[in-house]
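Everything on this sheet refers to the single structure shown next.
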Amino acid sequence: MELQEIVESAWSAPLQALRNKVSIATQNVSDILTLEVLRTSGHHEAELERSLGSFAGASLDLGAVSKVFGKNAKKAALDSSTYSRVQALHQQLSVWNIDFESRIPSCKVIAISDLPGIEKQAVEHLNQMAECLKLIRMAWLERNSKYDPAVHDSYFADFNWEKLTNDEVGLCPPFVVMIKDQGDKNLFYSTLLPLVTSGLPVKVVLEKSAFYNTYQAFSRSTALRCSLEIEMLPVALKGVYVIQDTVARPQAIAHLQAGLISPRPGLFSILNDADSGRCDQAVLSRALPLFRYDPDKSEVFLKRFDLAENPDLKDVWASSTIEFLNAAGKKDLMQKKITFADFAATEAQYQSDFSDLPANQESRAIEISAYLELPYADRSGKLPFIFFRNSQNALVKKVPSMRIVAQTADKRHLWKSLCEVSGVNNPYLTELEKQLRTEAAKDKESALADLRNDLSSEIEALNQEAVQQAMAKLAGNLAGLSALELGQIAVAPQDKTNPFKMVSAPIASKIQAPVVNFDTPYIESKLCTACDECITIDPNIFAYDSNKQAFIKNAKGGPYKNLLKASKKCSAKIIHPGKEW
Amino acid sequence: MSLTIDDFVQKEESTCSYGMDDYTTEAARWCKGCGGHGALGALQRMLRDNQVHPEEVVCVSGIGCSSRFPHYLRAYGFHTLHGRALPVSVGVSLARPELKLLTVMGDGDCFSIGGNHWLHTLRYNINSMVMVLDNEIYALTKKQVSPTSRIGTVSNTSPRGSYLEPLNPLSVALGISNISFIAQTASWLPGHMQATLEKAWKHKGLAFVRILQRCPVFMPNAFQGGSVDFPGKFLESPEGIPVDKGILRDAPVVAHDPRNINAAQAVAANSHMEKEPLGLIYYNPEVPTYSDIRYSKVATVDRKAKAKLLDDYLTRYSVES
Ligand SMILES: Cc1ncc(C[n+]2csc(CCOP(=O)(O)OP(=O)(O)O)c2C)c(N)n1
Ligand code: SF4
Ligand code: SF4
């Protein structure tokens with residue numbers, strides 16, 4: 001699928017929902033008009049023929065039917081101004097209904113030079129969508145007879161996209177532009193930034209295909225030339241919805257969809273390559289960290305920034321098992337960390353950046369992932385290398401150029417920063433956790449000792465308790481008390497889940513009797529089945545409340561014997577007649 | 001969650017607010033003490049709480065005391081023929097899938113004369129809440145045995161007591177393919193009944209709700225008179241119907257997984273025996289509805305190709321002049 005199609009498919013479900021609403025709104029308004037015609041002239045011969053169809057028209061004498069019905073023709077229900085308002089609304093909606101599809105712009109692929117006119121186009125698009133929503137809203141008001149000219153005429157008169165709420169903006173098919181990433185860092189400043197900061201909810205899709213090399217070939221592994229990293233953009237532009245993903249991942253569509261319906265401006269950096277293996281490697285090697293930044297997801301920055309879909313999230317580099325042929329020509333497996341350098345080694349543009357590790361250099365060779373963990377001072381004299389699977393599927397050691405090392409170091413630096421920014425890793429918390437763990441371990445020891453002591457004294461208490469209970473039962477049997485009464489003999493009840501724990505006070509004292517005055521009559525209305533029994537006995541005493549459940553409207557509305565009778569008859573036994581007055 | 005176009009329209013709709021009167025036509029003319037009153041009230045409260053538009057509801061019934069429902073519920077209604085409510089509901093659900101459909105029947109209406117329609121409509125899984133008010137008797141016609149009457153029930157048609165064990169509608173329903181929702185409640189438990197109807201209302205598919213119904217006139221002793229002594233047990237599960245014991249004095253609560261058809265069958269088979277299960281017995285919201293299936297086919301029919309086939313077929317029989 002083309003990236004453009006993917007973006008459009010991400011939007012297709014809400015678009016279809018909007019499309020359906022336009023049809024339903026049109027139908028609703030048309031129903032109002034049809035109903036009015038039927039009401040006023042439905043019994044006229046021509047109208048009868050139209051609604052009954054040719055078959056009935058041929059077999060019935062419609063003239064006669066019309067005469068019989070004619071007498072009952074009703075007056076118009078709508079006044080003339082309402083009728084013409086609904087008619088006008090119907091006309092506008094019908095036009096939308098017919099050309100809905102052509103009014104929704106497709107995702108626009110633009111070149112940098114197209115930029116100046118784009119904002120104007122975006123505003124026009126938004127206003128058109130606002131009109132569509134306005135018509136739907138008016139249709140619903142008409143349908144529910146809630147359109148009030150005094151309120152709504154002026155409100156809808158100058159309705160434009162600025163009157164839409166945030167949520168409603170999210171309902172409009174988005175205005176999407178697509179720009180190819182040419183590795184030009186000016187693109188950010190000249191094209192993307194003005195667009196995403198224009199105050200319009202414009203969505204920009206930045207189509208990535210290559211990874212550009214901006215690193216000089218100095219013999220240093222520190223990158224000095226800094227470029228703006230899209231991954232760090234949320235820190236600077238916290239109100240923009242930003243995503244980075246690849247077309248190879250099925251989840252990308254859902255993320256794009258969420259981004260597209262956000263009322264915010266959006267920037268979606270998408271790696272577009274038909275070779276899904278390359279997309280996956282870019283993600284695995286941290287060349288392209290996946291992330292989503294949703295400005296509205298949470299109050300907390302960390303929760304807005306989501307890195308979770310990256311492999312081996314907690315590690316600096318993700319690991320992968322690779323299959324190769326060993327020296328004996330047999331299949332073998334190796335678990336290794338995939339760094340940016342490993343990815344670069346498979347990219348055509350970096351081929352000249354890798355050379356074979358000379359045999360005499362083995363002693364100072366070190367894998368690049370380990371190399372980059374070393375403090376600078378310890379790196380001198382060491383030669384970083386990667387394991388590379390060559391065309392014969394054998395593993396060979398390759399030495400990357402210094403600029404690849406610099407770029408790998410920079411990707412590592414970026415990844416670690418992202419982990420902190422997104423809360424995956426918080427060095428302060430890690431420290432605190434360590435501290436707390438040590439303290440907790442100490443506390444646990446002393447708590448266990450206490451527990452052992454308590455336990456032995458409780459077992460003792462329990463034994464005494466059992467004796468006491470047996471005595472009580474015996475006494476009860478001798479005195480002829482029932483089991484129920486026996487239960488009331490105050491014996492400290494036990495907590496079943498923990499036989500060692502005694503419930504402190506007898507339960508009876510904890511159960512509070514409902515505060516009811518037994519003298520005044522009342523009904524437990526919540527339990528009333530509305531069976532009509534009491535209401536039929538005396539509608540002056542009993543009535544239904546707003547839940548259609550009985551209550552005592554006036555206890556003295558009838559004789560006391562009616563109260564008594566109802567309470568006896570009530571199948572739910574919820575009428576309490578109180579005391580006779 | 002972001003706003004959907006339905007919420008957007010809903011916003012306009014929330015300007016109206018419905019009360020009980022909006023779901024009521026007239027005072028119901030059932031006997032006093034009849035469980036129909038409670039069922040109607042619970043339904044009306046549920047509709048009001050959900051602010052359902054009365055004009056979007058269609059209530060279809062058969063014939064019987066219980067089938068007078070559409071007269072009292074302010075909504076569109078069909079009071080159809082004895083036993084034939086469900087075929088009409090199938091038609092309504094296909095013709096107007098966007099409407100909320102409610103089918104109300106009595107035990108005689110549904111399980112006896114309408115038995116075949118009942119079985120097949122369960123299999124169709126049409127999108128309708130189906131309430132059966134089961135008073136274990138033909139009440140409108142003044143007391144004849146129904147399929148759910150207990151053995152020994154003395155009635156006009158069984159003066160020496162009925163001879164057969166009653167039909168168990170819960171077990172039968174569970175044996176039908178595509179079954180998606182079975183619940184049981186009782187007319188003397190207003191809270192539980194309302195919660196059951198709410199769950200059923202929100203189910204997409206056929207929500208079969210059996211409501212045990214008091215009929216103090218012809219079956220005063222059924223269900224212990226629908227009193228505090230009724231032997232019920234509540235089925236509890238996270239996605240089930242909240243337990244609400246109402247007036248019941250002694251009703252245990254048991255854990256039950258309504259997604260497990262074997263567990264549901266065990267519960268259903270035990271009803272009538274000791275304690276009547278109350279709550280959600282079986283639930284599978286994934287079963288497609290009949291209208292979804294039929295509409296999905298309509299959209300994919302290649303009408304042009306079909307027309308051509310027909311044309312070719314007819315041409316075979318044409319006579320050249
Ligand atoms: C075809 C036909 N046969 C018989 C009848 C007579 N009839 C009317 S209602 C009814 C039984 C109703 O019993 P049930 O469905 O349990 O409803 P209840 O009255 O108990 O609510 C019968 C047999 C009828 N109306 N139509
Ligand atoms: S008799 Fe009891 S259950 Fe019936 S309506 Fe009155 S209070 Fe409600
Ligand atoms: S006969 Fe029974 S079911 Fe019919 S209305 Fe009366 S109480 Fe209700």
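Residue numbering restarts at 1 for every chain of the structure tokens, chains are lettered A, B, ... in their displayed order, and ligands are numbered from 1 as they appear.
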Inset, instruction - Would you kindly return, as a list in words, each protein, DNA or RNA residue with an atom no farther than 7 Å from any atom of stretch 561-573 of chain A, considering only C-alpha atoms and excluding same-chain residues fewer than 5 positions away? - result: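 Once the adjacent positions are removed, what remains is Cys528, Glu533, Cys534, Ile537 and Asp538 of chain A; Trp188, Ser227, Val228 and Ile247 of chain B.
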Write out the residues from the selection above, keeping N, CA and C atoms, as a compact mmCIF listing (two decimals), in the first residue's frame.
# COMPACT_ATOMS: atom_id res chain seq x y z
N CYS A 528 -40.88 -1.89 45.55
CA CYS A 528 -42.26 -1.97 45.07
C CYS A 528 -42.28 -2.48 43.64
N GLU A 533 -51.87 -3.10 43.66
CA GLU A 533 -52.71 -3.60 44.74
C GLU A 533 -53.11 -2.44 45.67
N CYS A 534 -52.11 -1.76 46.24
CA CYS A 534 -52.41 -0.73 47.23
C CYS A 534 -53.13 0.45 46.61
N ILE A 537 -56.67 -0.22 46.29
CA ILE A 537 -57.35 -0.22 47.59
C ILE A 537 -57.68 1.19 48.04
N ASP A 538 -56.72 2.08 47.95
CA ASP A 538 -57.03 3.47 48.31
C ASP A 538 -56.09 4.47 47.63
N TRP B 188 -41.17 -9.85 40.94
CA TRP B 188 -41.24 -9.29 42.29
C TRP B 188 -39.88 -8.77 42.76
N SER B 227 -43.12 -14.21 46.68
CA SER B 227 -42.98 -13.55 47.97
C SER B 227 -41.54 -13.61 48.45
N VAL B 228 -41.35 -13.17 49.68
CA VAL B 228 -40.03 -13.19 50.31
C VAL B 228 -39.44 -14.61 50.39
N ILE B 247 -36.63 -8.29 48.07
CA ILE B 247 -37.35 -8.75 49.26
C ILE B 247 -36.94 -10.15 49.69
List as JSON lines every residue of chain A that is in contact with chain B, defined as an atom at most 9 Å from one of its atoms (using only C-alpha atoms), together with the nearest atom pair and the distance in Å rounded to one decimal, sorted by chain and then rising number.
{"residue": "A:Pro14", "atom": "CA", "partner": "B:Thr4", "partner_atom": "CA", "distance": 7.6}
{"residue": "A:Ala17", "atom": "CA", "partner": "B:Ile5", "partner_atom": "CA", "distance": 6.7}
{"residue": "A:Leu18", "atom": "CA", "partner": "B:Ile5", "partner_atom": "CA", "distance": 6.2}
{"residue": "A:Lys21", "atom": "CA", "partner": "B:Ile5", "partner_atom": "CA", "distance": 7.5}
{"residue": "A:Leu133", "atom": "CA", "partner": "B:Phe8", "partner_atom": "CA", "distance": 8.9}
{"residue": "A:Ile136", "atom": "CA", "partner": "B:Val9", "partner_atom": "CA", "distance": 7.7}
{"residue": "A:Arg137", "atom": "CA", "partner": "B:Val9", "partner_atom": "CA", "distance": 6.6}
{"residue": "A:Trp140", "atom": "CA", "partner": "B:Glu12", "partner_atom": "CA", "distance": 6.7}
{"residue": "A:Leu141", "atom": "CA", "partner": "B:Glu12", "partner_atom": "CA", "distance": 6.7}
{"residue": "A:Asn144", "atom": "CA", "partner": "B:Glu13", "partner_atom": "CA", "distance": 7.5}
{"residue": "A:Lys146", "atom": "CA", "partner": "B:Thr15", "partner_atom": "CA", "distance": 8.1}
{"residue": "A:Asp167", "atom": "CA", "partner": "B:Leu3", "partner_atom": "CA", "distance": 5.5}
{"residue": "A:Glu168", "atom": "CA", "partner": "B:Leu3", "partner_atom": "CA", "distance": 7.1}
{"residue": "A:Gly170", "atom": "CA", "partner": "B:Leu3", "partner_atom": "CA", "distance": 7.2}
{"residue": "A:Leu171", "atom": "CA", "partner": "B:Ile5", "partner_atom": "CA", "distance": 6.5}
{"residue": "A:Ala258", "atom": "CA", "partner": "B:Ser2", "partner_atom": "CA", "distance": 8.7}
{"residue": "A:Ile261", "atom": "CA", "partner": "B:Ser2", "partner_atom": "CA", "distance": 7.8}
{"residue": "A:Ser262", "atom": "CA", "partner": "B:Ser2", "partner_atom": "CA", "distance": 7.9}
{"residue": "A:Lys526", "atom": "CA", "partner": "B:Gly191", "partner_atom": "CA", "distance": 7.4}
{"residue": "A:Leu527", "atom": "CA", "partner": "B:Gly246", "partner_atom": "CA", "distance": 5.9}
{"residue": "A:Cys528", "atom": "CA", "partner": "B:Pro190", "partner_atom": "CA", "distance": 6.7}
{"residue": "A:Thr529", "atom": "CA", "partner": "B:Gly38", "partner_atom": "CA", "distance": 4.4}
{"residue": "A:Ala530", "atom": "CA", "partner": "B:Gly38", "partner_atom": "CA", "distance": 5.1}
{"residue": "A:Cys531", "atom": "CA", "partner": "B:Gly33", "partner_atom": "CA", "distance": 4.4}
{"residue": "A:Asp532", "atom": "CA", "partner": "B:Lys32", "partner_atom": "CA", "distance": 4.9}
{"residue": "A:Glu533", "atom": "CA", "partner": "B:Lys32", "partner_atom": "CA", "distance": 4.8}
{"residue": "A:Cys534", "atom": "CA", "partner": "B:Lys32", "partner_atom": "CA", "distance": 8.4}
{"residue": "A:Ile535", "atom": "CA", "partner": "B:Lys32", "partner_atom": "CA", "distance": 8.8}
{"residue": "A:Thr536", "atom": "CA", "partner": "B:Lys32", "partner_atom": "CA", "distance": 7.3}
{"residue": "A:Ser546", "atom": "CA", "partner": "B:Met20", "partner_atom": "CA", "distance": 6.9}
{"residue": "A:Asn547", "atom": "CA", "partner": "B:Arg45", "partner_atom": "CA", "distance": 6.4}
{"residue": "A:Lys548", "atom": "CA", "partner": "B:Gly41", "partner_atom": "CA", "distance": 6.2}
{"residue": "A:Gln549", "atom": "CA", "partner": "B:Gly41", "partner_atom": "CA", "distance": 8.0}
{"residue": "A:Lys569", "atom": "CA", "partner": "B:Gly33", "partner_atom": "CA", "distance": 8.6}
{"residue": "A:Cys570", "atom": "CA", "partner": "B:Gly33", "partner_atom": "CA", "distance": 7.8}
{"residue": "A:Ser571", "atom": "CA", "partner": "B:Ser227", "partner_atom": "CA", "distance": 6.1}
{"residue": "A:Ala572", "atom": "CA", "partner": "B:Ser227", "partner_atom": "CA", "distance": 6.0}
{"residue": "A:Lys573", "atom": "CA", "partner": "B:Ser227", "partner_atom": "CA", "distance": 7.9}
{"residue": "A:Ile574", "atom": "CA", "partner": "B:Ile247", "partner_atom": "CA", "distance": 8.2}
Legend entry - Contact residues around B:Glu165 with only C-alpha atoms at 10 Å, ignoring same-chain residues under 5 positions, as a ChimeraX atom specification: /B:147-152
Inset, instruction - May I have the residues within 12 Å of A:Pro116 as a count of residues only, using only C-alpha atoms and disregarding those fewer than 6 positions away in the same chain? - result: 7
Neighbouring residues of ligand 1 are defined here as those with any atom at most 6 Å from a ligand atom, counting only C-alpha atoms and all ligand atoms; list them as a PDB file with all heavy atoms, in the first residue's frame.
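Full text of result27.pdb as output:
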ATOM      1  N   ILE B  63     -50.291 -12.789  21.699  1.00  0.00           N
ATOM      2  CA  ILE B  63     -51.605 -12.645  22.344  1.00  0.00           C
ATOM      3  C   ILE B  63     -51.531 -13.259  23.742  1.00  0.00           C
ATOM      4  O   ILE B  63     -50.937 -14.310  23.935  1.00  0.00           O
ATOM      5  CB  ILE B  63     -52.704 -13.379  21.533  1.00  0.00           C
ATOM      6  CG1 ILE B  63     -52.875 -12.758  20.146  1.00  0.00           C
ATOM      7  CG2 ILE B  63     -54.037 -13.366  22.276  1.00  0.00           C
ATOM      8  CD1 ILE B  63     -53.475 -11.378  20.101  1.00  0.00           C
ATOM      9  N   GLY B  64     -52.125 -12.572  24.683  1.00  0.00           N
ATOM     10  CA  GLY B  64     -52.123 -13.038  26.064  1.00  0.00           C
ATOM     11  C   GLY B  64     -52.197 -11.803  26.953  1.00  0.00           C
ATOM     12  O   GLY B  64     -52.138 -10.674  26.446  1.00  0.00           O
ATOM     13  N   CYS B  65     -52.306 -12.014  28.265  1.00  0.00           N
ATOM     14  CA  CYS B  65     -52.295 -10.867  29.164  1.00  0.00           C
ATOM     15  C   CYS B  65     -51.017 -10.076  28.942  1.00  0.00           C
ATOM     16  O   CYS B  65     -51.019  -8.865  28.734  1.00  0.00           O
ATOM     17  CB  CYS B  65     -52.326 -11.322  30.626  1.00  0.00           C
ATOM     18  SG  CYS B  65     -53.862 -12.100  31.111  1.00  0.00           S
ATOM     19  N   SER B  66     -49.886 -10.809  28.989  1.00  0.00           N
ATOM     20  CA  SER B  66     -48.585 -10.175  28.868  1.00  0.00           C
ATOM     21  C   SER B  66     -48.436  -9.450  27.537  1.00  0.00           C
ATOM     22  O   SER B  66     -47.753  -8.435  27.432  1.00  0.00           O
ATOM     23  CB  SER B  66     -47.504 -11.233  28.989  1.00  0.00           C
ATOM     24  OG  SER B  66     -47.911 -12.395  28.296  1.00  0.00           O
ATOM     25  N   HIS B  82     -51.506 -14.796  18.013  1.00  0.00           N
ATOM     26  CA  HIS B  82     -51.047 -15.700  19.069  1.00  0.00           C
ATOM     27  C   HIS B  82     -49.857 -16.529  18.561  1.00  0.00           C
ATOM     28  O   HIS B  82     -49.968 -17.241  17.566  1.00  0.00           O
ATOM     29  CB  HIS B  82     -52.204 -16.620  19.462  1.00  0.00           C
ATOM     30  CG  HIS B  82     -51.979 -17.332  20.765  1.00  0.00           C
ATOM     31  ND1 HIS B  82     -51.218 -16.796  21.780  1.00  0.00           N
ATOM     32  CD2 HIS B  82     -52.441 -18.526  21.214  1.00  0.00           C
ATOM     33  CE1 HIS B  82     -51.203 -17.638  22.797  1.00  0.00           C
ATOM     34  NE2 HIS B  82     -51.932 -18.694  22.486  1.00  0.00           N
ATOM     35  N   GLY B 106     -45.981 -14.241  26.339  1.00  0.00           N
ATOM     36  CA  GLY B 106     -46.240 -15.048  27.526  1.00  0.00           C
ATOM     37  C   GLY B 106     -45.660 -16.433  27.301  1.00  0.00           C
ATOM     38  O   GLY B 106     -45.201 -16.756  26.196  1.00  0.00           O
ATOM     39  N   ASP B 107     -45.707 -17.261  28.319  1.00  0.00           N
ATOM     40  CA  ASP B 107     -45.143 -18.612  28.185  1.00  0.00           C
ATOM     41  C   ASP B 107     -45.938 -19.443  27.182  1.00  0.00           C
ATOM     42  O   ASP B 107     -45.373 -20.176  26.382  1.00  0.00           O
ATOM     43  CB  ASP B 107     -45.078 -19.313  29.546  1.00  0.00           C
ATOM     44  CG  ASP B 107     -46.325 -19.112  30.380  1.00  0.00           C
ATOM     45  OD1 ASP B 107     -46.738 -17.951  30.531  1.00  0.00           O
ATOM     46  OD2 ASP B 107     -46.895 -20.099  30.870  1.00  0.00           O
ATOM     47  N   GLY B 108     -47.252 -19.283  27.192  1.00  0.00           N
ATOM     48  CA  GLY B 108     -48.058 -20.025  26.229  1.00  0.00           C
ATOM     49  C   GLY B 108     -47.758 -19.526  24.829  1.00  0.00           C
ATOM     50  O   GLY B 108     -47.530 -20.301  23.894  1.00  0.00           O
ATOM     51  N   ASP B 109     -47.726 -18.239  24.721  1.00  0.00           N
ATOM     52  CA  ASP B 109     -47.513 -17.594  23.434  1.00  0.00           C
ATOM     53  C   ASP B 109     -46.170 -18.018  22.824  1.00  0.00           C
ATOM     54  O   ASP B 109     -46.075 -18.379  21.661  1.00  0.00           O
ATOM     55  CB  ASP B 109     -47.516 -16.084  23.701  1.00  0.00           C
ATOM     56  CG  ASP B 109     -47.748 -15.279  22.455  1.00  0.00           C
ATOM     57  OD1 ASP B 109     -48.636 -15.645  21.670  1.00  0.00           O
ATOM     58  OD2 ASP B 109     -47.021 -14.290  22.273  1.00  0.00           O
ATOM     59  N   ASN B 135     -45.846 -16.941  33.606  1.00  0.00           N
ATOM     60  CA  ASN B 135     -46.656 -17.155  34.817  1.00  0.00           C
ATOM     61  C   ASN B 135     -47.082 -18.612  34.920  1.00  0.00           C
ATOM     62  O   ASN B 135     -47.967 -18.967  35.680  1.00  0.00           O
ATOM     63  CB  ASN B 135     -47.869 -16.221  34.843  1.00  0.00           C
ATOM     64  CG  ASN B 135     -48.645 -16.271  33.534  1.00  0.00           C
ATOM     65  OD1 ASN B 135     -48.392 -17.138  32.693  1.00  0.00           O
ATOM     66  ND2 ASN B 135     -49.581 -15.363  33.363  1.00  0.00           N
ATOM     67  N   ILE B 137     -48.921 -20.378  33.094  1.00  0.00           N
ATOM     68  CA  ILE B 137     -50.348 -20.660  32.825  1.00  0.00           C
ATOM     69  C   ILE B 137     -50.811 -19.819  31.637  1.00  0.00           C
ATOM     70  O   ILE B 137     -50.172 -18.828  31.296  1.00  0.00           O
ATOM     71  CB  ILE B 137     -51.214 -20.323  34.086  1.00  0.00           C
ATOM     72  CG1 ILE B 137     -52.564 -21.039  34.048  1.00  0.00           C
ATOM     73  CG2 ILE B 137     -51.413 -18.825  34.222  1.00  0.00           C
ATOM     74  CD1 ILE B 137     -52.464 -22.514  34.364  1.00  0.00           C
ATOM     75  N   TYR B 138     -51.885 -20.237  30.977  1.00  0.00           N
ATOM     76  CA  TYR B 138     -52.564 -19.365  30.016  1.00  0.00           C
ATOM     77  C   TYR B 138     -53.509 -18.529  30.852  1.00  0.00           C
ATOM     78  O   TYR B 138     -54.504 -19.056  31.359  1.00  0.00           O
ATOM     79  CB  TYR B 138     -53.419 -20.150  29.035  1.00  0.00           C
ATOM     80  CG  TYR B 138     -52.699 -21.006  28.014  1.00  0.00           C
ATOM     81  CD1 TYR B 138     -51.323 -21.170  28.030  1.00  0.00           C
ATOM     82  CD2 TYR B 138     -53.434 -21.634  27.006  1.00  0.00           C
ATOM     83  CE1 TYR B 138     -50.703 -21.968  27.080  1.00  0.00           C
ATOM     84  CE2 TYR B 138     -52.815 -22.416  26.063  1.00  0.00           C
ATOM     85  CZ  TYR B 138     -51.445 -22.601  26.107  1.00  0.00           C
ATOM     86  OH  TYR B 138     -50.846 -23.378  25.167  1.00  0.00           O
ATOM     87  N   ALA B 139     -53.232 -17.279  31.005  1.00  0.00           N
ATOM     88  CA  ALA B 139     -54.035 -16.471  31.924  1.00  0.00           C
ATOM     89  C   ALA B 139     -55.177 -15.755  31.220  1.00  0.00           C
ATOM     90  O   ALA B 139     -56.307 -15.755  31.700  1.00  0.00           O
ATOM     91  CB  ALA B 139     -53.147 -15.469  32.653  1.00  0.00           C
ATOM     92  N   LEU B 140     -54.890 -15.190  30.060  1.00  0.00           N
ATOM     93  CA  LEU B 140     -55.930 -14.408  29.377  1.00  0.00           C
ATOM     94  C   LEU B 140     -57.185 -15.244  29.150  1.00  0.00           C
ATOM     95  O   LEU B 140     -58.295 -14.768  29.290  1.00  0.00           O
ATOM     96  CB  LEU B 140     -55.400 -13.883  28.035  1.00  0.00           C
ATOM     97  CG  LEU B 140     -56.352 -12.945  27.315  1.00  0.00           C
ATOM     98  CD1 LEU B 140     -56.311 -11.561  27.941  1.00  0.00           C
ATOM     99  CD2 LEU B 140     -56.024 -12.830  25.837  1.00  0.00           C
ATOM    100  N   THR B 141     -56.956 -16.516  28.820  1.00  0.00           N
ATOM    101  CA  THR B 141     -58.093 -17.389  28.538  1.00  0.00           C
ATOM    102  C   THR B 141     -58.560 -18.125  29.790  1.00  0.00           C
ATOM    103  O   THR B 141     -59.236 -19.139  29.717  1.00  0.00           O
ATOM    104  CB  THR B 141     -57.712 -18.385  27.435  1.00  0.00           C
ATOM    105  OG1 THR B 141     -56.396 -18.873  27.721  1.00  0.00           O
ATOM    106  CG2 THR B 141     -57.710 -17.728  26.080  1.00  0.00           C
TER     107      THR B 141
END
Inset, instruction - Go ahead and compute the interatomic distance for atom CA of A:Pro577 and atom CA of B:Thr185, in Å to one decimal. - result: 28.7 Å
Inset, instruction - Would you mind reading off the distance between atom CA of A:Val109 and atom CA of A:Leu3, one decimal, in Å? - result: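 Atom-to-atom, atom CA of A:Val109 and atom CA of A:Leu3 are spaced 10.6 Å apart.
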Inset, instruction - Just the residues within 7 Å of A:Ala555, please, counting only C-alpha atoms, with nothing from its chain fewer than 2 positions along; format it as a list in words. - result: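 My list of contacting residues is Pro521, Ile541, Ile552, Lys553 and Gly557 of chain A.
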Legend entry - Backbone-only DSSP, helix (DSSP H, G or I) members of stretch 19-94 of chain B, as an MDAnalysis selection string: chainID B and resid 20:23 35:49 54:56 66:72 85:94
Any chance you could list, as a compact mmCIF listing (two decimals) with all heavy atoms, in the first residue's frame, the residues in stretch 42-199 of chain A that come up strand (DSSP E) when DSSP is run on the backbone?
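Below is the file selection08.txt, written as the result:
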# COMPACT_ATOMS: atom_id res chain seq x y z
N LYS A 108 -2.77 15.56 0.57
CA LYS A 108 -2.03 16.30 -0.47
C LYS A 108 -0.53 16.06 -0.36
O LYS A 108 0.05 16.26 0.70
CB LYS A 108 -2.26 17.80 -0.28
CG LYS A 108 -3.64 18.24 -0.64
CD LYS A 108 -3.71 19.76 -0.62
CE LYS A 108 -5.03 20.26 -1.11
NZ LYS A 108 -6.21 19.50 -0.73
N VAL A 109 0.07 15.68 -1.48
CA VAL A 109 1.52 15.56 -1.48
C VAL A 109 2.07 16.89 -1.97
O VAL A 109 1.71 17.35 -3.05
CB VAL A 109 1.96 14.43 -2.43
CG1 VAL A 109 3.46 14.27 -2.37
CG2 VAL A 109 1.26 13.14 -2.06
N PHE A 175 -6.94 17.83 7.36
CA PHE A 175 -6.25 18.38 6.22
C PHE A 175 -4.82 17.85 6.31
O PHE A 175 -4.07 18.20 7.21
CB PHE A 175 -6.28 19.90 6.30
CG PHE A 175 -5.75 20.57 5.08
CD1 PHE A 175 -6.55 20.73 3.96
CD2 PHE A 175 -4.45 21.03 5.03
CE1 PHE A 175 -6.06 21.34 2.82
CE2 PHE A 175 -3.95 21.62 3.89
CZ PHE A 175 -4.76 21.79 2.78
N VAL A 176 -4.49 16.96 5.38
CA VAL A 176 -3.20 16.28 5.49
C VAL A 176 -2.28 16.67 4.35
O VAL A 176 -2.69 16.64 3.19
CB VAL A 176 -3.39 14.74 5.43
CG1 VAL A 176 -2.08 14.03 5.75
CG2 VAL A 176 -4.48 14.29 6.38
N VAL A 177 -1.06 17.04 4.65
CA VAL A 177 -0.07 17.25 3.59
C VAL A 177 1.07 16.26 3.80
O VAL A 177 1.38 15.88 4.93
CB VAL A 177 0.48 18.69 3.57
CG1 VAL A 177 -0.61 19.67 3.24
CG2 VAL A 177 1.14 19.04 4.88
N MET A 178 1.64 15.87 2.70
CA MET A 178 2.71 14.88 2.79
C MET A 178 3.98 15.46 2.18
O MET A 178 3.95 15.99 1.07
CB MET A 178 2.28 13.64 2.01
CG MET A 178 2.49 12.39 2.78
SD MET A 178 1.63 11.06 1.99
CE MET A 178 2.95 10.47 1.00
N ILE A 179 5.07 15.37 2.91
CA ILE A 179 6.34 15.92 2.42
C ILE A 179 7.38 14.81 2.50
O ILE A 179 7.44 14.08 3.49
CB ILE A 179 6.78 17.11 3.29
CG1 ILE A 179 5.68 18.17 3.32
CG2 ILE A 179 8.06 17.71 2.77
CD1 ILE A 179 5.97 19.34 4.21
N LYS A 180 8.19 14.75 1.47
CA LYS A 180 9.25 13.75 1.51
C LYS A 180 10.44 14.30 2.27
O LYS A 180 10.85 15.44 2.05
CB LYS A 180 9.68 13.39 0.09
CG LYS A 180 8.76 12.38 -0.55
CD LYS A 180 9.44 11.79 -1.78
CE LYS A 180 8.48 11.04 -2.68
NZ LYS A 180 7.67 10.03 -2.06
Inset, instruction - For atom CA of A:Phe211 and atom CA of A:Gly183, determine how far apart the two atoms are, in Å to one decimal place. - result: 7.5 Å
Inset, instruction - Name the closest residue to ligand 3 among the candidates B:Ile261, B:Met105, B:Val254, B:Leu73; distances are taken between atoms, counting only C-alpha atoms and all ligand atoms. - result: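 Ranking B:Ile261, B:Met105, B:Val254, B:Leu73 by distance to ligand 3, first place goes to B:Met105.
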Legend entry - Residues within 10 Å of B:Tyr290, only C-alpha atoms, excluding chain neighbours under 4 positions, as a list in words: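 Result of the neighbour search: Val90, Ser93, Leu94, Thr121, Arg123, Tyr124, Asn125, Ile126, Asn127, Asn178, Gly205, Leu206, Arg294, Tyr295 and Ser296 of chain B.
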